[in-house]
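Here the structure comes first, spelled out in structure tokens, and everything after it is commentary.
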Amino acid sequence: MPAAFSTRNLSGNPQHADGAPNTPARLSLPGEYRAPEEEEILSRLIEGTPTVHATTSGFFPGDSQREAQYRMLGELGAPNIPALALLPARGWRYSLLSRTVAQLEGMDYDIGESGWRLSFGGSSVRSKDAHLARLSWDSDINMLADAAGRLSERAGVPWQGSLNLALLGPVSLGARMHLPRGEAVLSDRGAWRDTVDSMLYCLPSVFARLREALDAAHVPLNLELIEPDLLAAHLGSIRSSSGYSRVRSVPMPELEELYARYALIAAEHGVSLSLNVDGNAVIGPSDSALAKPGLDAMALYRAMSGAVATAEAAPTVDSLPNAESEDRGVEAPEMIFSPDRASTSRMSAAPLSDARRWESAVALLEAGARLRLPVVDHIRDKHKPASIPQRARALYSMLNAVGADPALLSRISVSEENSATMTELSIQDATATLARSVEFARVLTEIAAEA
């Protein structure tokens, strides 16, 4: 590992004495938001070096979808990966759950006392709640097209880049959506199966709409499934509506088959897949018998990877956006979690201090997986964030201590910690946090270049 490396920050601003970067100067100027200039974007690339990317799930504060999307595409331009912005502060119609429910086709659903529920009314007409959620989704797509158009006009060339779409994963959707009597959909195998089938059926049209909005048939898309309730569902610890019983557990073979189906439908349409299990415990290779229960991330990755290989081995023109998409390929499935927070150890340890907690992450990288690390702390008005060089050096040390090959860094991306809490920041601080993720990725790439 290098003894020293550059600590210039992305905008060329001086560092604090402890190495923590100032907010990029362009974000502090009065008037409208200023996206990075081309020279600033090119400075992120180090030729011949595995490049670490910055990305996000899309959570953002405020109530202006147009402004949020513009800032997200601006800060996380290529080679980084922006997301379709998600602004829960706009109301219930704009939550992650509502965005996901809005995609369901061929099912009746509305909002009851317990939240979103299946209605089994047999009507072919959407309920008012479902109609409003769908209108909100349509509006988000229109704002994406508007933001990409503004950036294209500013640059004088068509917008080019990737896009991440975050939806609630099938298990958490089943846990948070309800049957008419109030129980979780997950408790009814038939209802949950129908919900999953409906979501898989609608995904191709979702991908097509995103590409249409970006006016780019070949834009690389990534589908992120956020699963906060995955481990609870696997262990059977989700309580029933009465509180006196628990929803059935979902065994690992069933989970493997489930995510393999998502990976297959995504790969058939030229879309990469990410499984966000951040907040869940993940089993490590050297976990003891006394460790807390956790998810077998390796088994989930192998199931998804196998499905992607199946799709790539027998692609058909009819199953892809167009014939040329076959040449673009699909990236390996990605697992998203913080190794420190996902540790099954019952012993406490400071972040980025215990190499054993990173064994599961490195094992996934060595198996061919992509890995997203939500390790970039937020910028808050009254919070002084940690030094980016110091934190990036600590992360590289963890990977190095477990014996990771520096070339594996090309499979790593970084994002903000606990994405959902981005909505608690000011718009200025949230934008600066995205810029901070980009700088973290650049510094980590630079460390690899000097290693």
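Just so we're on the same page: first chain in the structure tokens is A, next is B, and so on; residues restart at 1 for each chain, and ligands are numbered from 1 in the order they show up.
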
Using DSSP on the backbone coordinates, identify the residues of region 180-422 of chain A assigned to strand (DSSP E); present them as a list in words.
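Strand (DSSP E) members of region 180-422 of chain A, listed: Leu221, Asn222, Leu223, Glu224, Leu225, Ile226, Val271, Ser272, Leu273, Ser274, Leu275, Asn276, Glu334, Met335, Ile336, Arg370, Leu371, Arg372, Leu373, Pro374, Val375, Val376, Ile412, Ser413, Val414, Ser415 and Glu416 of chain A.
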
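Residues with any atom within 8 Å of Leu223 (chain A), counting only C-alpha atoms and excluding same-chain neighbours fewer than 4 positions away, are A:Asn164, A:Leu165, A:Ala166, A:Leu167, A:Ala266, A:Val271, A:Ser272, A:Leu273, A:Ser274.
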
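Of the listed residues A:Ala54, A:Val362, A:Leu96, A:Ile283, the one whose atoms come nearest to Val376 (chain A) is A:Ala54, with distances taken using only C-alpha atoms.
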
Pick from A:Gly243, A:Ser205, A:Glu224, A:Ala309 nearest to His269 (chain A), counting only C-alpha atoms:
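Closest residue, counting only C-alpha atoms: A:Ser205.
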
May I have all residues of region 185-256 of chain A that DSSP, computed from the backbone, assigns to alpha helix (DSSP H), given as a tab-separated table (two decimals) with N, CA and C atoms, in the first residue's frame?
chain	number	residue	atom	x	y	z
A	189	ARG	N	-49.00	-17.79	0.53
A	189	ARG	CA	-48.10	-18.19	-0.55
A	189	ARG	C	-48.66	-17.83	-1.92
A	190	GLY	N	-49.96	-18.07	-2.10
A	190	GLY	CA	-50.58	-17.80	-3.39
A	190	GLY	C	-50.58	-16.31	-3.72
A	191	ALA	N	-50.95	-15.48	-2.75
A	191	ALA	CA	-51.00	-14.03	-2.98
A	191	ALA	C	-49.60	-13.48	-3.23
A	192	TRP	N	-48.62	-13.98	-2.48
A	192	TRP	CA	-47.24	-13.50	-2.67
A	192	TRP	C	-46.72	-13.93	-4.03
A	193	ARG	N	-47.02	-15.17	-4.42
A	193	ARG	CA	-46.58	-15.64	-5.75
A	193	ARG	C	-47.18	-14.78	-6.85
A	194	ASP	N	-48.46	-14.44	-6.72
A	194	ASP	CA	-49.11	-13.60	-7.73
A	194	ASP	C	-48.47	-12.21	-7.78
A	195	THR	N	-48.11	-11.67	-6.61
A	195	THR	CA	-47.47	-10.36	-6.55
A	195	THR	C	-46.11	-10.39	-7.24
A	196	VAL	N	-45.32	-11.42	-6.95
A	196	VAL	CA	-44.00	-11.56	-7.58
A	196	VAL	C	-44.15	-11.71	-9.09
A	197	ASP	N	-45.09	-12.55	-9.52
A	197	ASP	CA	-45.30	-12.76	-10.96
A	197	ASP	C	-45.70	-11.45	-11.65
A	198	SER	N	-46.55	-10.66	-10.97
A	198	SER	CA	-46.98	-9.39	-11.54
A	198	SER	C	-45.80	-8.44	-11.70
A	199	MET	N	-44.93	-8.39	-10.70
A	199	MET	CA	-43.77	-7.51	-10.78
A	199	MET	C	-42.82	-7.94	-11.89
A	200	LEU	N	-42.56	-9.23	-11.99
A	200	LEU	CA	-41.67	-9.71	-13.04
A	200	LEU	C	-42.25	-9.44	-14.43
A	201	TYR	N	-43.56	-9.55	-14.54
A	201	TYR	CA	-44.22	-9.30	-15.82
A	201	TYR	C	-44.06	-7.85	-16.27
A	202	CYS	N	-44.08	-6.93	-15.30
A	202	CYS	CA	-44.06	-5.50	-15.66
A	202	CYS	C	-42.65	-4.97	-15.89
A	203	LEU	N	-41.61	-5.66	-15.43
A	203	LEU	CA	-40.26	-5.11	-15.49
A	203	LEU	C	-39.81	-4.75	-16.91
A	204	PRO	N	-40.06	-5.57	-17.93
A	204	PRO	CA	-39.62	-5.17	-19.28
A	204	PRO	C	-40.17	-3.81	-19.71
A	205	SER	N	-41.42	-3.52	-19.40
A	205	SER	CA	-41.98	-2.22	-19.78
A	205	SER	C	-41.36	-1.09	-18.95
A	206	VAL	N	-40.99	-1.38	-17.71
A	206	VAL	CA	-40.30	-0.39	-16.88
A	206	VAL	C	-38.96	-0.03	-17.50
A	207	PHE	N	-38.20	-1.04	-17.91
A	207	PHE	CA	-36.89	-0.79	-18.53
A	207	PHE	C	-37.05	0.01	-19.82
A	208	ALA	N	-38.06	-0.33	-20.60
A	208	ALA	CA	-38.28	0.36	-21.87
A	208	ALA	C	-38.61	1.83	-21.64
A	209	ARG	N	-39.40	2.12	-20.61
A	209	ARG	CA	-39.77	3.51	-20.33
A	209	ARG	C	-38.57	4.33	-19.90
A	210	LEU	N	-37.69	3.74	-19.11
A	210	LEU	CA	-36.49	4.46	-18.68
A	210	LEU	C	-35.60	4.78	-19.88
A	211	ARG	N	-35.43	3.82	-20.76
A	211	ARG	CA	-34.59	4.06	-21.93
A	211	ARG	C	-35.23	5.09	-22.86
A	212	GLU	N	-36.54	5.05	-22.96
A	212	GLU	CA	-37.23	6.04	-23.78
A	212	GLU	C	-37.06	7.44	-23.20
A	213	ALA	N	-37.15	7.55	-21.87
A	213	ALA	CA	-36.99	8.86	-21.22
A	213	ALA	C	-35.60	9.42	-21.44
A	230	LEU	N	-35.37	-8.79	4.63
A	230	LEU	CA	-35.01	-10.11	4.10
A	230	LEU	C	-34.63	-11.10	5.19
A	231	LEU	N	-33.74	-10.71	6.09
A	231	LEU	CA	-33.31	-11.65	7.13
A	231	LEU	C	-34.48	-12.00	8.06
A	232	ALA	N	-35.28	-11.01	8.42
A	232	ALA	CA	-36.43	-11.27	9.29
A	232	ALA	C	-37.38	-12.27	8.65
A	233	ALA	N	-37.59	-12.13	7.34
A	233	ALA	CA	-38.48	-13.07	6.64
A	233	ALA	C	-37.85	-14.45	6.57
A	234	HIS	N	-36.56	-14.50	6.34
A	234	HIS	CA	-35.85	-15.78	6.27
A	234	HIS	C	-35.89	-16.52	7.61
A	235	LEU	N	-35.79	-15.78	8.70
A	235	LEU	CA	-35.79	-16.39	10.03
A	235	LEU	C	-37.20	-16.61	10.58
A	252	MET	N	-33.92	-20.62	2.39
A	252	MET	CA	-32.90	-20.14	1.46
A	252	MET	C	-33.10	-20.66	0.03
A	253	PRO	N	-33.44	-21.94	-0.20
A	253	PRO	CA	-33.65	-22.38	-1.59
A	253	PRO	C	-34.74	-21.57	-2.30
A	254	GLU	N	-35.79	-21.18	-1.56
A	254	GLU	CA	-36.85	-20.38	-2.15
A	254	GLU	C	-36.35	-18.98	-2.49
A	255	LEU	N	-35.49	-18.43	-1.64
A	255	LEU	CA	-34.91	-17.11	-1.92
A	255	LEU	C	-33.99	-17.17	-3.12
A	256	GLU	N	-33.21	-18.22	-3.21
A	256	GLU	CA	-32.30	-18.36	-4.35
A	256	GLU	C	-33.08	-18.41	-5.66

Find the residues around Ala78 (chain A) up to 8 Å (only C-alpha atoms counted), leave out those fewer than 2 positions away in its own chain, and share them as a tab-separated table (two decimals) with all heavy atoms, in the first residue's frame.
chain	number	residue	atom	x	y	z
A	41	ILE	N	-14.95	16.13	-14.48
A	41	ILE	CA	-15.34	14.73	-14.66
A	41	ILE	C	-14.16	13.90	-15.15
A	41	ILE	O	-13.90	12.80	-14.66
A	41	ILE	CB	-16.51	14.64	-15.64
A	41	ILE	CG1	-17.75	15.33	-15.04
A	41	ILE	CG2	-16.83	13.20	-15.98
A	41	ILE	CD1	-18.92	15.43	-16.00
A	76	LEU	N	-23.38	12.66	-10.43
A	76	LEU	CA	-22.98	11.26	-10.64
A	76	LEU	C	-22.93	10.92	-12.12
A	76	LEU	O	-23.34	9.84	-12.55
A	76	LEU	CB	-23.93	10.32	-9.91
A	76	LEU	CG	-23.95	10.45	-8.39
A	76	LEU	CD1	-25.00	9.55	-7.78
A	76	LEU	CD2	-22.58	10.10	-7.80
A	80	ASN	N	-19.63	7.40	-13.16
A	80	ASN	CA	-20.43	7.01	-12.00
A	80	ASN	C	-21.87	6.73	-12.41
A	80	ASN	O	-22.24	6.89	-13.57
A	80	ASN	CB	-20.34	8.11	-10.93
A	80	ASN	CG	-18.91	8.35	-10.51
A	80	ASN	OD1	-18.24	7.47	-9.99
A	80	ASN	ND2	-18.40	9.56	-10.80
A	81	ILE	N	-22.68	6.30	-11.46
A	81	ILE	CA	-24.02	5.81	-11.79
A	81	ILE	C	-25.07	6.53	-10.97
A	81	ILE	O	-25.24	6.26	-9.78
A	81	ILE	CB	-24.11	4.28	-11.54
A	81	ILE	CG1	-22.97	3.56	-12.28
A	81	ILE	CG2	-25.47	3.76	-12.00
A	81	ILE	CD1	-22.86	2.09	-11.93
A	160	GLN	N	-25.06	10.95	-21.86
A	160	GLN	CA	-24.52	9.59	-21.87
A	160	GLN	C	-24.18	9.19	-20.45
A	160	GLN	O	-23.62	9.97	-19.69
A	160	GLN	CB	-23.27	9.50	-22.74
A	160	GLN	CG	-23.53	9.80	-24.21
A	160	GLN	CD	-22.26	9.70	-25.04
A	160	GLN	OE1	-21.16	9.67	-24.50
A	160	GLN	NE2	-22.43	9.65	-26.35
A	161	GLY	N	-24.54	7.97	-20.08
A	161	GLY	CA	-24.25	7.50	-18.74
A	161	GLY	C	-25.06	6.25	-18.44
A	161	GLY	O	-25.63	5.62	-19.34
A	162	SER	N	-25.10	5.90	-17.17
A	162	SER	CA	-25.86	4.75	-16.70
A	162	SER	C	-26.95	5.25	-15.78
A	162	SER	O	-26.97	6.41	-15.37
A	162	SER	CB	-24.94	3.77	-15.96
A	162	SER	OG	-23.83	3.40	-16.76
